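Quick notes on the structure that follows.
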Amino acid sequence: MRNATVFGMPFSFIWKVDPRGHRWIKGENGLLLVPNSGLDPAGRSPFDRHLRTYEPLLERTGLFRELASIAATKTEVQAFADRFGLLGVGKTTVVKTESGLQSVRGESLADWEQEILELKMAVQIWDMLNSGNSSSLNDLMRVLPKLLASAPPVVRRWLHLDKDDPAMAALGFIQKAIDERLSEGVAARLMFEGNAPRLHLSLMPENLRAALWLQFAAAVDQLKKYEICASCNRSFEISRAPTTGKRPDARFCSDRCRVAQHRKRKEEARRLKSAGVPIKKIALRLNTTAATVEGWIKPRTTNAKSGAA
């Protein structure tokens, strides 16, 4: 898949999710989150054909924000993995199942905690920079040097912690966090362009963690803005990018959410009408006009065609 909105070059990334979900099991060094199909040989198929595939960087334009917004708890981590898959940072371990010993790849709660907390801090700092809230940024920059007080002088200079401008220190922190993840998990490769005798340069994340940090890096690089979908509450990108961006006045991340929200409002209008709420009050509550509400609650009729006898 090619997309010229990421650093001006294409990217290629497809990830797989176990449709049977995941569960926490006890490993040698603590809890591990593993795919259910990995624990049941009967649920597997050759070449991972039993797994669901999707393109995170195209289908979820603010997925890095979704990970940064969850709590690092077993419940929320498992829910995220069930929807989007494992991060891809785990190790293969042997566990005892009803079918005997099985080799399965799992990720510890500590792995997820680290990724969530580091991404959350970097995104919060970036949002402070974009909001122009100098007071909050100054407060943060007074705390950050204390947290990194043990850092060597070269690291402090790299992060600009000793600069008078707090924005430089904030950007230095974001730069270091993103650079580390990109260097660990994103490769640049020459790829064939379909069946044509043509090669193009492509960024290729090796796992979901790297893809999310790449998505964040693209947001920083292009000063992207995000909104929250009025239907599903997920973040989506506001930009002119033809495949990933939405217009500044967009309220929904997709046509599906727009239609779902419209149906939900119509159902709510009918419910309120059945409860005896006046049409004008319904319109005020749903932020629309009385004429629109009347159209929503109008009984459905079937127009029967009549022919000549």
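Going by the structure tokens order, chains are called A, B, ..., each with residues numbered from 1, while ligands are numbered from 1 in the order shown.
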
So that each row is one residue of range 157-213 of chain A with an atom at most 10 Å from range 62-84 of chain A, can you give its shortest atom pair and the distance in Å to one decimal, using only C-alpha atoms, rows by chain and rising number, as CSV?
```
residue,atom,partner,partner_atom,distance
A:Leu208,CA,A:Phe84,CA,8.6
A:Arg209,CA,A:Phe64,CA,8.9
A:Ala211,CA,A:Phe64,CA,8.6
A:Leu212,CA,A:Phe64,CA,4.9
A:Trp213,CA,A:Phe64,CA,6.9
```

- Test item: residues at most 6 Å from range 253-255 of chain A, only C-alpha atoms, excluding those fewer than 2 positions along its chain, as number ranges by chain: A: 229, 236, 257-258

- Message: Using only C-alpha atoms for the distances, tell me which of A:Leu182, A:Leu199, A:Leu51, A:Leu223 is nearest to Ser131 in chain A.
- Response: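 That would be A:Leu223, the residue with the smallest distance to Ser131 in chain A.
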
- Determine the nearest neighbour of Leu58 in chain A from the options A:Glu268, A:Glu237, A:Glu118, A:Glu294, counting only C-alpha atoms. A:Glu237

- For the atom pair CA of Pro56 in chain A and CA of Ser231 in chain A, what is the interatomic distance in Å to one decimal place?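 Straight-line distance from CA of Pro56 in chain A to CA of Ser231 in chain A works out to 19.5 Å.
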
- Fewer than 5 positions away in the same chain doesn't count, so skip those; otherwise give me all residues within 8 Å of Gly185 in chain A, counting only C-alpha atoms, as a list in words.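 Counting only the stated atoms, we get Pro205, Glu206, Asn207, Arg209 and Ala210 of chain A.
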
Save out the residues we just selected, C-alpha atoms, as a compact mmCIF listing (two decimals), in the first residue's frame.
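Saved result, part.txt, follows:
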```txt
# COMPACT_ATOMS: atom_id res chain seq x y z
CA PRO A 205 7.16 -0.88 10.29
CA GLU A 206 7.96 -4.35 11.57
CA ASN A 207 5.15 -4.43 14.13
CA ARG A 209 4.23 -0.61 18.05
CA ALA A 210 6.56 0.75 15.37
```

Near Ser239 in chain A, counting only C-alpha atoms, which residues have an atom at most 9 Å away, once you skip same-chain residues fewer than 3 positions from it, shown as a compact mmCIF listing (two decimals) with N, CA and C atoms, in the first residue's frame?
```
# COMPACT_ATOMS: atom_id res chain seq x y z
N LYS A 224 -0.16 17.76 12.14
CA LYS A 224 -1.53 17.31 11.94
C LYS A 224 -2.41 17.60 13.16
N LYS A 225 -3.68 17.79 12.88
CA LYS A 225 -4.66 17.99 13.94
C LYS A 225 -5.64 16.82 13.94
N TYR A 226 -6.28 16.60 15.07
CA TYR A 226 -7.19 15.47 15.23
C TYR A 226 -8.47 15.92 15.92
N PRO A 242 -5.45 12.78 0.83
CA PRO A 242 -6.60 12.19 0.14
C PRO A 242 -7.08 10.87 0.72
N THR A 244 -6.23 9.64 4.07
CA THR A 244 -6.34 9.57 5.54
C THR A 244 -6.99 10.79 6.16
N GLY A 245 -7.07 11.90 5.46
CA GLY A 245 -7.52 13.14 6.06
C GLY A 245 -9.01 13.41 5.92
N LYS A 246 -9.52 14.22 6.84
CA LYS A 246 -10.91 14.70 6.80
C LYS A 246 -10.91 16.22 6.80
N ARG A 247 -12.01 16.82 6.36
CA ARG A 247 -12.13 18.27 6.32
C ARG A 247 -12.20 18.84 7.74
N PRO A 248 -11.81 20.11 7.92
CA PRO A 248 -11.83 20.71 9.25
C PRO A 248 -13.20 20.70 9.92
```

Neighbour list for Ile25 in chain A as an mmCIF file with N, CA and C atoms, in the first residue's frame, cut-off 9 Å, only C-alpha atoms, skip fewer than 6 positions in-chain:
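Saved file around_0.cif follows:
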```cif
data_model
loop_
_atom_site.group_PDB
_atom_site.id
_atom_site.type_symbol
_atom_site.label_atom_id
_atom_site.label_comp_id
_atom_site.auth_asym_id
_atom_site.auth_seq_id
_atom_site.Cartn_x
_atom_site.Cartn_y
_atom_site.Cartn_z
ATOM 1 N N LEU A 31 2.377 -12.033 34.104
ATOM 2 C CA LEU A 31 1.244 -12.218 33.207
ATOM 3 C C LEU A 31 1.637 -11.976 31.757
ATOM 4 N N LEU A 32 1.073 -12.810 30.876
ATOM 5 C CA LEU A 32 1.302 -12.663 29.445
ATOM 6 C C LEU A 32 -0.040 -12.604 28.726
ATOM 7 N N LEU A 33 -0.155 -11.710 27.762
ATOM 8 C CA LEU A 33 -1.344 -11.623 26.928
ATOM 9 C C LEU A 33 -1.071 -12.430 25.659
ATOM 10 N N VAL A 34 -1.878 -13.441 25.408
ATOM 11 C CA VAL A 34 -1.635 -14.335 24.276
ATOM 12 C C VAL A 34 -2.914 -14.461 23.450
ATOM 13 N N VAL A 95 3.718 -22.896 27.010
ATOM 14 C CA VAL A 95 2.730 -22.922 28.086
ATOM 15 C C VAL A 95 1.994 -24.257 28.057
#
```

- Message: Would you compute the distance between CA of Ile174 in chain A and CA of Met204 in chain A? Give it in Å to one decimal.
- Response: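 Here the two named atoms are 21.1 Å from each other.
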
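Shell of Ala230 in chain A at 9 Å, with only C-alpha atoms counted and residues fewer than 2 places along the chain excluded, is Ile228, Cys232, Asn233, Arg234, Arg251, Phe252, Cys253, Cys257, Arg258 and Gln261 of chain A.
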
- Item | For Gly27 in chain A: contacts at 12 Å, only C-alpha atoms, fewer than 5 positions along chain excluded, given as an NGL selection string | :A and (32-34 or 90-96 or 103-109)

Using the selection just defined, write its residues with N, CA and C atoms as a PDB file, in the first residue's frame.
```pdb
ATOM      1  N   LEU A  32       1.073 -12.810  30.876  1.00  0.00           N
ATOM      2  CA  LEU A  32       1.302 -12.663  29.445  1.00  0.00           C
ATOM      3  C   LEU A  32      -0.040 -12.604  28.726  1.00  0.00           C
ATOM      4  N   LEU A  33      -0.155 -11.710  27.762  1.00  0.00           N
ATOM      5  CA  LEU A  33      -1.344 -11.623  26.928  1.00  0.00           C
ATOM      6  C   LEU A  33      -1.071 -12.430  25.659  1.00  0.00           C
ATOM      7  N   VAL A  34      -1.878 -13.441  25.408  1.00  0.00           N
ATOM      8  CA  VAL A  34      -1.635 -14.335  24.276  1.00  0.00           C
ATOM      9  C   VAL A  34      -2.914 -14.461  23.450  1.00  0.00           C
ATOM     10  N   GLY A  90       6.449  -9.055  21.940  1.00  0.00           N
ATOM     11  CA  GLY A  90       6.557 -10.168  22.871  1.00  0.00           C
ATOM     12  C   GLY A  90       7.578 -11.208  22.458  1.00  0.00           C
ATOM     13  N   LYS A  91       7.643 -12.245  23.264  1.00  0.00           N
ATOM     14  CA  LYS A  91       8.548 -13.353  23.008  1.00  0.00           C
ATOM     15  C   LYS A  91       7.764 -14.664  22.994  1.00  0.00           C
ATOM     16  N   THR A  92       8.337 -15.636  22.325  1.00  0.00           N
ATOM     17  CA  THR A  92       7.708 -16.954  22.274  1.00  0.00           C
ATOM     18  C   THR A  92       7.996 -17.718  23.558  1.00  0.00           C
ATOM     19  N   THR A  93       6.950 -18.289  24.128  1.00  0.00           N
ATOM     20  CA  THR A  93       7.101 -19.053  25.352  1.00  0.00           C
ATOM     21  C   THR A  93       6.302 -20.349  25.249  1.00  0.00           C
ATOM     22  N   VAL A  94       6.630 -21.309  26.054  1.00  0.00           N
ATOM     23  CA  VAL A  94       5.929 -22.596  26.067  1.00  0.00           C
ATOM     24  C   VAL A  94       4.995 -22.619  27.265  1.00  0.00           C
ATOM     25  N   VAL A  95       3.718 -22.896  27.010  1.00  0.00           N
ATOM     26  CA  VAL A  95       2.730 -22.922  28.086  1.00  0.00           C
ATOM     27  C   VAL A  95       1.994 -24.257  28.057  1.00  0.00           C
ATOM     28  N   LYS A  96       1.446 -24.611  29.208  1.00  0.00           N
ATOM     29  CA  LYS A  96       0.706 -25.861  29.335  1.00  0.00           C
ATOM     30  C   LYS A  96      -0.772 -25.602  29.065  1.00  0.00           C
ATOM     31  N   SER A 103       3.705 -23.841  22.077  1.00  0.00           N
ATOM     32  CA  SER A 103       4.569 -22.677  21.901  1.00  0.00           C
ATOM     33  C   SER A 103       3.714 -21.517  21.423  1.00  0.00           C
ATOM     34  N   VAL A 104       3.700 -20.433  22.175  1.00  0.00           N
ATOM     35  CA  VAL A 104       2.843 -19.298  21.844  1.00  0.00           C
ATOM     36  C   VAL A 104       3.590 -17.995  22.096  1.00  0.00           C
ATOM     37  N   ARG A 105       3.276 -16.988  21.311  1.00  0.00           N
ATOM     38  CA  ARG A 105       3.907 -15.678  21.467  1.00  0.00           C
ATOM     39  C   ARG A 105       3.008 -14.782  22.307  1.00  0.00           C
ATOM     40  N   GLY A 106       3.560 -14.242  23.375  1.00  0.00           N
ATOM     41  CA  GLY A 106       2.770 -13.400  24.259  1.00  0.00           C
ATOM     42  C   GLY A 106       3.503 -12.145  24.656  1.00  0.00           C
ATOM     43  N   GLU A 107       2.748 -11.203  25.213  1.00  0.00           N
ATOM     44  CA  GLU A 107       3.314  -9.917  25.627  1.00  0.00           C
ATOM     45  C   GLU A 107       2.948  -9.654  27.079  1.00  0.00           C
ATOM     46  N   SER A 108       3.912  -9.202  27.850  1.00  0.00           N
ATOM     47  CA  SER A 108       3.689  -8.982  29.278  1.00  0.00           C
ATOM     48  C   SER A 108       2.937  -7.685  29.519  1.00  0.00           C
ATOM     49  N   LEU A 109       2.292  -7.616  30.677  1.00  0.00           N
ATOM     50  CA  LEU A 109       1.610  -6.384  31.058  1.00  0.00           C
ATOM     51  C   LEU A 109       2.627  -5.255  31.208  1.00  0.00           C
TER      52      LEU A 109
END
```

- Query: Can you list every residue in range 60-272 of chain A that DSSP puts in alpha helix (DSSP H), as an MDAnalysis selection string?
  - Reply: chainID A and resid 63:69 74:84 109:131 134:147 153:158 166:185 208:221 255:272

- Message: What does the structure give for the distance between CA of Ile125 in chain A and CA of Arg240 in chain A, in Å to one decimal?
- Response: 24.4 Å
